[in-house]
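> query-v6.cif is the file, holding mmCIF, C-alpha atoms and all ligand atoms:
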data_query
#
loop_
_atom_site.group_PDB
_atom_site.id
_atom_site.type_symbol
_atom_site.label_atom_id
_atom_site.label_comp_id
_atom_site.auth_asym_id
_atom_site.auth_seq_id
_atom_site.Cartn_x
_atom_site.Cartn_y
_atom_site.Cartn_z
ATOM 1 C CA MET A 1 37.166 34.117 -75.501
ATOM 2 C CA LYS A 2 38.223 34.153 -79.177
ATOM 3 C CA LEU A 3 38.341 37.589 -80.699
ATOM 4 C CA ALA A 4 38.809 38.054 -84.440
ATOM 5 C CA VAL A 5 39.573 41.125 -86.534
ATOM 6 C CA TYR A 6 38.234 41.339 -90.093
ATOM 7 C CA PRO A 7 40.161 44.175 -91.751
ATOM 8 C CA GLY A 8 39.360 45.843 -95.046
ATOM 9 C CA SER A 9 38.310 49.031 -96.741
ATOM 10 C CA PHE A 10 34.618 48.090 -97.024
ATOM 11 C CA ASP A 11 34.004 50.867 -99.566
ATOM 12 C CA PRO A 12 31.197 49.830 -99.513
ATOM 13 C CA LEU A 13 30.194 46.728 -97.532
ATOM 14 C CA THR A 14 28.945 43.994 -99.900
ATOM 15 C CA ASN A 15 26.990 40.794 -99.389
ATOM 16 C CA GLY A 16 30.319 38.980 -99.809
ATOM 17 C CA HIS A 17 31.723 40.771 -96.753
ATOM 18 C CA ILE A 18 28.500 40.070 -94.845
ATOM 19 C CA ASP A 19 28.733 36.368 -95.701
ATOM 20 C CA ILE A 20 32.285 36.228 -94.293
ATOM 21 C CA ILE A 21 31.292 38.138 -91.137
ATOM 22 C CA GLU A 22 28.326 35.784 -90.559
ATOM 23 C CA ARG A 23 30.621 32.784 -90.912
ATOM 24 C CA GLY A 24 33.041 34.421 -88.502
ATOM 25 C CA THR A 25 30.353 34.786 -85.847
ATOM 26 C CA HIS A 26 29.995 31.000 -85.824
ATOM 27 C CA LEU A 27 33.713 30.506 -85.255
ATOM 28 C CA PHE A 28 34.601 33.339 -82.875
ATOM 29 C CA ASP A 29 33.059 34.838 -79.768
ATOM 30 C CA ARG A 30 33.385 38.295 -81.212
ATOM 31 C CA ILE A 31 34.377 39.718 -84.580
ATOM 32 C CA ILE A 32 35.589 43.266 -85.117
ATOM 33 C CA VAL A 33 35.020 44.685 -88.595
ATOM 34 C CA ALA A 34 38.069 46.966 -88.756
ATOM 35 C CA ILE A 35 37.876 49.624 -91.449
ATOM 36 C CA LEU A 36 41.234 50.773 -92.691
ATOM 37 C CA VAL A 37 41.741 54.536 -92.814
ATOM 38 C CA ASN A 38 43.324 56.007 -95.965
ATOM 39 C CA VAL A 39 43.703 52.885 -98.077
ATOM 40 C CA GLU A 40 42.442 54.718 -101.083
ATOM 41 C CA LYS A 41 43.021 58.431 -101.517
ATOM 42 C CA SER A 42 39.461 59.055 -102.633
ATOM 43 C CA PRO A 43 37.028 56.497 -101.271
ATOM 44 C CA LEU A 44 33.404 56.772 -102.421
ATOM 45 C CA PHE A 45 32.059 56.426 -98.884
ATOM 46 C CA SER A 46 33.525 58.431 -96.018
ATOM 47 C CA MET A 47 34.841 56.636 -92.966
ATOM 48 C CA GLN A 48 31.768 57.693 -91.021
ATOM 49 C CA GLU A 49 29.426 56.403 -93.722
ATOM 50 C CA ARG A 50 31.214 53.060 -93.858
ATOM 51 C CA VAL A 51 30.995 52.708 -90.074
ATOM 52 C CA GLU A 52 27.277 53.617 -90.114
ATOM 53 C CA ILE A 53 26.567 51.018 -92.811
ATOM 54 C CA VAL A 54 28.209 48.165 -90.858
ATOM 55 C CA LYS A 55 26.464 49.277 -87.646
ATOM 56 C CA ASP A 56 23.132 49.372 -89.436
ATOM 57 C CA VAL A 57 23.482 45.933 -91.020
ATOM 58 C CA PHE A 58 24.625 44.270 -87.775
ATOM 59 C CA LYS A 59 22.511 46.276 -85.331
ATOM 60 C CA ASN A 60 20.943 43.115 -83.933
ATOM 61 C CA ARG A 61 24.212 41.207 -83.714
ATOM 62 C CA PRO A 62 25.973 42.078 -80.451
ATOM 63 C CA THR A 63 28.979 39.890 -81.312
ATOM 64 C CA VAL A 64 29.803 42.021 -84.375
ATOM 65 C CA GLU A 65 31.647 45.241 -83.631
ATOM 66 C CA VAL A 66 32.829 47.957 -85.994
ATOM 67 C CA ASP A 67 35.976 50.009 -85.542
ATOM 68 C CA THR A 68 38.500 51.943 -87.623
ATOM 69 C CA PHE A 69 42.249 51.618 -87.637
ATOM 70 C CA ASP A 70 45.346 53.198 -89.073
ATOM 71 C CA GLY A 71 48.886 51.887 -89.359
ATOM 72 C CA LEU A 72 50.081 48.316 -89.049
ATOM 73 C CA LEU A 73 47.336 45.715 -88.811
ATOM 74 C CA VAL A 74 49.271 43.554 -86.323
ATOM 75 C CA ASP A 75 49.675 46.549 -84.003
ATOM 76 C CA TYR A 76 45.941 47.110 -84.096
ATOM 77 C CA VAL A 77 45.201 43.408 -83.505
ATOM 78 C CA THR A 78 47.607 43.342 -80.541
ATOM 79 C CA ARG A 79 46.135 46.516 -79.102
ATOM 80 C CA ARG A 80 42.643 45.009 -79.288
ATOM 81 C CA LYS A 81 43.947 41.794 -77.664
ATOM 82 C CA ALA A 82 42.577 39.763 -80.569
ATOM 83 C CA ASP A 83 43.861 36.339 -81.627
ATOM 84 C CA VAL A 84 42.871 36.035 -85.230
ATOM 85 C CA ILE A 85 42.814 37.963 -88.498
ATOM 86 C CA VAL A 86 39.960 36.932 -90.781
ATOM 87 C CA ARG A 87 40.271 37.289 -94.547
ATOM 88 C CA GLY A 88 37.990 36.208 -97.354
ATOM 89 C CA LEU A 89 39.139 34.248 -100.390
ATOM 90 C CA ARG A 90 37.136 34.640 -103.560
ATOM 91 C CA ALA A 91 39.267 33.138 -106.263
ATOM 92 C CA LEU A 92 42.755 31.988 -107.011
ATOM 93 C CA SER A 93 43.561 35.597 -107.876
ATOM 94 C CA ASP A 94 43.146 36.605 -104.211
ATOM 95 C CA PHE A 95 45.518 33.905 -103.078
ATOM 96 C CA GLU A 96 48.934 35.280 -103.892
ATOM 97 C CA SER A 97 48.604 38.684 -102.252
ATOM 98 C CA GLU A 98 46.698 37.240 -99.287
ATOM 99 C CA PHE A 99 49.392 34.590 -98.819
ATOM 100 C CA GLN A 100 52.124 37.242 -98.824
ATOM 101 C CA MET A 101 50.201 39.424 -96.421
ATOM 102 C CA ALA A 102 49.469 36.530 -94.043
ATOM 103 C CA LEU A 103 53.136 35.507 -93.938
ATOM 104 C CA MET A 104 54.309 39.065 -93.385
ATOM 105 C CA ASN A 105 51.753 39.493 -90.603
ATOM 106 C CA ARG A 106 52.925 36.225 -89.044
ATOM 107 C CA ARG A 107 56.493 37.519 -89.079
ATOM 108 C CA LEU A 108 55.425 40.797 -87.481
ATOM 109 C CA GLY A 109 53.035 39.185 -85.012
ATOM 110 C CA PRO A 110 53.924 35.502 -84.481
ATOM 111 C CA ASN A 111 51.022 34.895 -82.078
ATOM 112 C CA ILE A 112 48.374 36.136 -84.455
ATOM 113 C CA GLU A 113 46.851 33.577 -86.803
ATOM 114 C CA THR A 114 45.248 34.452 -90.149
ATOM 115 C CA VAL A 115 42.120 32.466 -90.982
ATOM 116 C CA PHE A 116 40.767 32.385 -94.540
ATOM 117 C CA MET A 117 37.143 31.792 -95.313
ATOM 118 C CA MET A 118 35.344 31.219 -98.588
ATOM 119 C CA PRO A 119 32.026 32.926 -99.222
ATOM 120 C CA ALA A 120 28.931 31.234 -100.597
ATOM 121 C CA GLU A 121 29.382 30.614 -104.331
ATOM 122 C CA GLN A 122 27.004 33.370 -105.398
ATOM 123 C CA TYR A 123 29.272 35.967 -103.778
ATOM 124 C CA THR A 124 32.595 34.799 -105.132
ATOM 125 C CA TYR A 125 32.703 37.408 -107.905
ATOM 126 C CA ILE A 126 31.669 40.430 -105.836
ATOM 127 C CA SER A 127 34.122 43.170 -104.925
ATOM 128 C CA SER A 128 33.497 46.714 -103.725
ATOM 129 C CA ARG A 129 35.270 48.028 -106.819
ATOM 130 C CA MET A 130 33.008 46.000 -109.119
ATOM 131 C CA ILE A 131 29.872 47.202 -107.289
ATOM 132 C CA LYS A 132 30.913 50.845 -107.701
ATOM 133 C CA GLU A 133 31.732 50.326 -111.362
ATOM 134 C CA VAL A 134 28.502 48.508 -112.204
ATOM 135 C CA PHE A 135 26.364 50.991 -110.284
ATOM 136 C CA SER A 136 28.016 54.024 -111.864
ATOM 137 C CA LEU A 137 27.294 52.567 -115.304
ATOM 138 C CA GLY A 138 23.619 52.141 -114.440
ATOM 139 C CA GLY A 139 23.647 48.412 -113.598
ATOM 140 C CA GLN A 140 21.541 46.736 -110.903
ATOM 141 C CA VAL A 141 23.353 45.916 -107.673
ATOM 142 C CA ARG A 142 20.319 44.620 -105.760
ATOM 143 C CA GLY A 143 21.103 41.318 -104.083
ATOM 144 C CA LEU A 144 24.832 42.010 -104.182
ATOM 145 C CA VAL A 145 24.885 44.650 -101.440
ATOM 146 C CA PRO A 146 22.669 45.232 -98.397
ATOM 147 C CA ASP A 147 19.631 47.516 -98.949
ATOM 148 C CA VAL A 148 21.231 50.338 -96.986
ATOM 149 C CA VAL A 149 24.178 50.393 -99.415
ATOM 150 C CA GLU A 150 21.908 50.391 -102.457
ATOM 151 C CA ARG A 151 19.971 53.294 -100.938
ATOM 152 C CA ARG A 152 23.115 55.270 -100.145
ATOM 153 C CA LEU A 153 24.535 54.658 -103.622
ATOM 154 C CA LYS A 154 21.339 56.099 -105.100
ATOM 155 C CA GLU A 155 21.538 59.116 -102.772
ATOM 156 C CA LYS A 156 25.094 59.767 -103.880
ATOM 157 C CA GLN A 157 24.097 59.505 -107.507
ATOM 158 C CA LEU A 158 21.334 62.079 -106.970
ATOM 159 C CA MET A 159 23.735 64.422 -105.197
ATOM 160 C CA LYS A 160 26.253 64.043 -107.984
ATOM 161 C CA GLY A 161 23.485 64.783 -110.482
ATOM 162 C CA ASN A 162 22.697 68.047 -108.681
ATOM 163 C CA VAL A 163 26.339 69.062 -108.663
ATOM 164 C CA ASN A 164 26.660 68.428 -112.384
ATOM 165 C CA VAL A 165 23.575 70.473 -113.167
ATOM 166 C CA SER A 166 24.774 73.568 -111.329
HETATM 167 N N1 LIG B 1 32.766 38.659 -102.165
HETATM 168 C C1 LIG B 1 33.660 38.353 -101.240
HETATM 169 N N2 LIG B 1 33.741 37.112 -100.736
HETATM 170 C C2 LIG B 1 34.663 36.793 -99.829
HETATM 171 N N3 LIG B 1 35.581 37.618 -99.333
HETATM 172 C C3 LIG B 1 35.560 38.863 -99.785
HETATM 173 C C4 LIG B 1 34.600 39.307 -100.753
HETATM 174 N N4 LIG B 1 34.843 40.615 -101.021
HETATM 175 C C5 LIG B 1 35.891 40.957 -100.255
HETATM 176 N N5 LIG B 1 36.324 39.925 -99.524
HETATM 177 C C6 LIG B 1 37.430 39.904 -98.575
HETATM 178 O O1 LIG B 1 37.188 40.857 -97.579
HETATM 179 C C7 LIG B 1 38.396 41.430 -97.120
HETATM 180 C C8 LIG B 1 38.327 42.930 -97.204
HETATM 181 O O2 LIG B 1 38.289 43.262 -98.555
HETATM 182 P P1 LIG B 1 38.139 44.717 -99.165
HETATM 183 O O3 LIG B 1 37.600 45.675 -98.199
HETATM 184 O O4 LIG B 1 39.377 45.023 -99.920
HETATM 185 O O5 LIG B 1 36.960 44.401 -100.198
HETATM 186 P P2 LIG B 1 36.999 44.302 -101.751
HETATM 187 O O6 LIG B 1 35.629 43.900 -102.160
HETATM 188 O O7 LIG B 1 38.146 43.459 -102.202
HETATM 189 O O8 LIG B 1 37.229 45.826 -102.116
HETATM 190 P P3 LIG B 1 38.074 46.463 -103.337
HETATM 191 O O9 LIG B 1 37.353 46.072 -104.576
HETATM 192 O O10 LIG B 1 37.983 47.932 -103.029
HETATM 193 O O11 LIG B 1 39.459 45.897 -103.208
HETATM 194 C C9 LIG B 1 39.480 40.765 -97.965
HETATM 195 O O12 LIG B 1 39.982 39.647 -97.276
HETATM 196 C C10 LIG B 1 38.737 40.321 -99.194
HETATM 197 O O13 LIG B 1 39.366 39.225 -99.808
HETATM 198 MG MG MG B 2 40.149 44.113 -102.219
#
Take the structure I supplied and represent it as structure tokens, if you would.

Amino acid sequence: MKLAVYPGSFDPLTNGHIDIIERGTHLFDRIIVAILVNVEKSPLFSMQERVEIVKDVFKNRPTVEVDTFDGLLVDYVTRRKADVIVRGLRALSDFESEFQMALMNRRLGPNIETVFMMPAEQYTYISSRMIKEVFSLGGQVRGLVPDVVERRLKEKQLMKGNVNVS
């Protein structure tokens, strides 16, 4: 039984993340999408919203699980009795920090292997930060995020609109 953890902030989940998770399901028996608590001081989506989005997208995929974690990633991976950390590589720019993180995690947890996967080409330029930026400036994000994320982004925009009016 090979269990993998895919950690990240997923604020919000994008089609790039989904592509990596799908690929992971072909390699591992089970993949845990592990959402990191408190990475950013002010995330756009609350922890609960981020969990709901992943659950919604993978509701028909019993081998994809969603969880949240705090503290050291290797401690979480050990606690979950997982073998592998999955990370996505978009471009050369991801490489240096991912390389450092993988080596540090190997030092902290020598039995845990980090596996890197590349997304389909059309997703290589997508990041959560970019999605939030483009959407807030009025750009189309359809096709870059799942429908549920597009819907929730629009809801947030409406709510923000109401706040500004009052
Ligand atoms: N489009 C993508 N293709 C492949 N891997 C990705 C993609 N977007 C993110 N990842 C990977 O998913 C993991 C979790 O990333 P994270 O939650 O930081 O997403 P992000 O899009 O980089 O968000 P942010 O813009 O907030 O940093 C990382 O390994 C990251 O490299
Ligand atoms: Mg990132």
> Considering only C-alpha atoms and all ligand atoms, give me a table of residues in chain A that are at most 9 Å from ligand LIG 1 (chain B), with the closest atom pair and distance in Å for each, as a tab-separated table.

residue	atom	partner	partner_atom	distance
A:Tyr6	CA	B:LIG1	C7	7.0
A:Pro7	CA	B:LIG1	C8	5.9
A:Gly8	CA	B:LIG1	O3	3.6
A:Ser9	CA	B:LIG1	O3	3.7
A:Phe10	CA	B:LIG1	O3	4.0
A:Asp11	CA	B:LIG1	O10	6.0
A:Pro12	CA	B:LIG1	O8	7.7
A:Leu13	CA	B:LIG1	O3	7.5
A:Thr14	CA	B:LIG1	N4	6.9
A:Asn15	CA	B:LIG1	N1	6.8
A:Gly16	CA	B:LIG1	N1	3.4
A:His17	CA	B:LIG1	C4	5.1
A:Ile18	CA	B:LIG1	C1	8.4
A:Asp19	CA	B:LIG1	N2	7.1
A:Ile20	CA	B:LIG1	C2	6.1
A:Ile35	CA	B:LIG1	O3	7.8
A:Leu36	CA	B:LIG1	O3	8.3
A:Glu40	CA	B:LIG1	O10	8.3
A:Pro43	CA	B:LIG1	O10	8.8
A:Val86	CA	B:LIG1	O12	7.0
A:Arg87	CA	B:LIG1	O12	3.6
A:Gly88	CA	B:LIG1	N3	3.4
A:Leu89	CA	B:LIG1	N3	5.0
A:Arg90	CA	B:LIG1	C2	5.0
A:Ala91	CA	B:LIG1	C2	8.7
A:Asp94	CA	B:LIG1	O13	6.4
A:Phe95	CA	B:LIG1	O13	8.8
A:Glu98	CA	B:LIG1	O12	7.4
A:Phe116	CA	B:LIG1	O12	7.8
A:Met117	CA	B:LIG1	C2	7.2
A:Met118	CA	B:LIG1	C2	5.8
A:Pro119	CA	B:LIG1	C2	4.7
A:Ala120	CA	B:LIG1	N2	7.6
A:Glu121	CA	B:LIG1	N2	8.6
A:Gln122	CA	B:LIG1	N1	8.5
A:Tyr123	CA	B:LIG1	N1	4.7
A:Thr124	CA	B:LIG1	N1	4.9
A:Tyr125	CA	B:LIG1	N1	5.9
A:Ile126	CA	B:LIG1	N1	4.2
A:Ser127	CA	B:LIG1	O6	3.2
A:Ser128	CA	B:LIG1	O6	3.9
A:Arg129	CA	B:LIG1	O9	3.6
A:Met130	CA	B:LIG1	O9	6.3
A:Ile131	CA	B:LIG1	O9	8.0
A:Lys132	CA	B:LIG1	O9	8.6
A:Leu144	CA	B:LIG1	N1	8.8
> What does the structure give for the distance between atom CA of A:Asp83 and atom CA of A:Glu49, in Å to one decimal?
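So the two atoms, atom CA of A:Asp83 and atom CA of A:Glu49, lie 27.5 Å apart.
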> Name every residue that the PyMOL selection byres (((chain A and resi 114) around 8) and not hetatm) selects in this structure, writing the answer as an MDAnalysis selection string with chains first and numbers rising.
chainID A and resid 84:87 102 106 112:113 115:116
> With distances taken over only C-alpha atoms, which residue among A:Leu108, A:Ile21, A:Ile32, A:Val134 lies nearest A:Asp75?
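Among the listed residues, A:Leu108 lies closest to A:Asp75.
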> Please measure the separation of atom CA of A:Glu133 and atom CA of A:Lys41, giving the value in Å to one decimal.
17.0 Å
> Under the rule that only C-alpha atoms and all ligand atoms are counted, which of A:Leu44, A:Asp67, A:Ser93, A:Val5 is the nearest residue to ligand MG 2 (chain B)?
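Nearest to ligand MG 2 (chain B): A:Ser93.
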> Which residues would end up in the selection if the PyMOL selection byres (((chain A and resi 50-64) around 6) and not hetatm) were applied here, given that I need the answer as a list in words?
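Selected by the PyMOL selection byres (((chain A and resi 50-64) around 6) and not hetatm) here: Arg30, Ile31, Ile32, Met47, Gln48, Glu49 and Glu65 of chain A.
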> Return as AutoDock Vina command-line options the centre and edge lengths, in Å with one decimal, of the box along x, y and z that encloses every atom of stretch 123-133 of chain A in the file, padded by 3 Å per side.

--center_x 32.3 --center_y 42.8 --center_z -107.5 --size_x 12.0 --size_y 22.0 --size_z 13.6
> So which one's closest to A:Val77, A:Asn105, A:Ser46, A:Thr25, A:Ser136? Using only C-alpha atoms, please.
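Between A:Asn105, A:Ser46, A:Thr25, A:Ser136, the residue approaching A:Val77 most closely is A:Asn105.
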> Have a look at atom CA of A:Phe69 and atom CA of A:Asp29 and let me know their distance in Å, one decimal.
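For atom CA of A:Phe69 relative to atom CA of A:Asp29, the distance reads 20.7 Å.
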> Convert the output of the PyMOL selection byres (((chain A and resi 156) around 12) and not hetatm) on the shown file into explicit residues, formatted as a PDB file with C-alpha atoms, in the frame of the given file.

ATOM      1  CA  LEU A  44      33.404  56.772-102.421  1.00  0.00           C
ATOM      2  CA  PHE A  45      32.059  56.426 -98.884  1.00  0.00           C
ATOM      3  CA  SER A  46      33.525  58.431 -96.018  1.00  0.00           C
ATOM      4  CA  GLU A  49      29.426  56.403 -93.722  1.00  0.00           C
ATOM      5  CA  LYS A 132      30.913  50.845-107.701  1.00  0.00           C
ATOM      6  CA  PHE A 135      26.364  50.991-110.284  1.00  0.00           C
ATOM      7  CA  SER A 136      28.016  54.024-111.864  1.00  0.00           C
ATOM      8  CA  VAL A 149      24.178  50.393 -99.415  1.00  0.00           C
ATOM      9  CA  GLU A 150      21.908  50.391-102.457  1.00  0.00           C
ATOM     10  CA  ARG A 151      19.971  53.294-100.938  1.00  0.00           C
ATOM     11  CA  ARG A 152      23.115  55.270-100.145  1.00  0.00           C
ATOM     12  CA  LEU A 153      24.535  54.658-103.622  1.00  0.00           C
ATOM     13  CA  LYS A 154      21.339  56.099-105.100  1.00  0.00           C
ATOM     14  CA  GLU A 155      21.538  59.116-102.772  1.00  0.00           C
ATOM     15  CA  GLN A 157      24.097  59.505-107.507  1.00  0.00           C
ATOM     16  CA  LEU A 158      21.334  62.079-106.970  1.00  0.00           C
ATOM     17  CA  MET A 159      23.735  64.422-105.197  1.00  0.00           C
ATOM     18  CA  LYS A 160      26.253  64.043-107.984  1.00  0.00           C
ATOM     19  CA  GLY A 161      23.485  64.783-110.482  1.00  0.00           C
ATOM     20  CA  ASN A 162      22.697  68.047-108.681  1.00  0.00           C
ATOM     21  CA  VAL A 163      26.339  69.062-108.663  1.00  0.00           C
TER      22      VAL A 163
END
> Using all atoms listed in the file, can you tell me which of A:Tyr76, A:Gly138, A:Met1, A:Ser97 comes closest to ligand MG 2 (chain B)?
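Closest to ligand MG 2 (chain B) of all the choices is A:Ser97.
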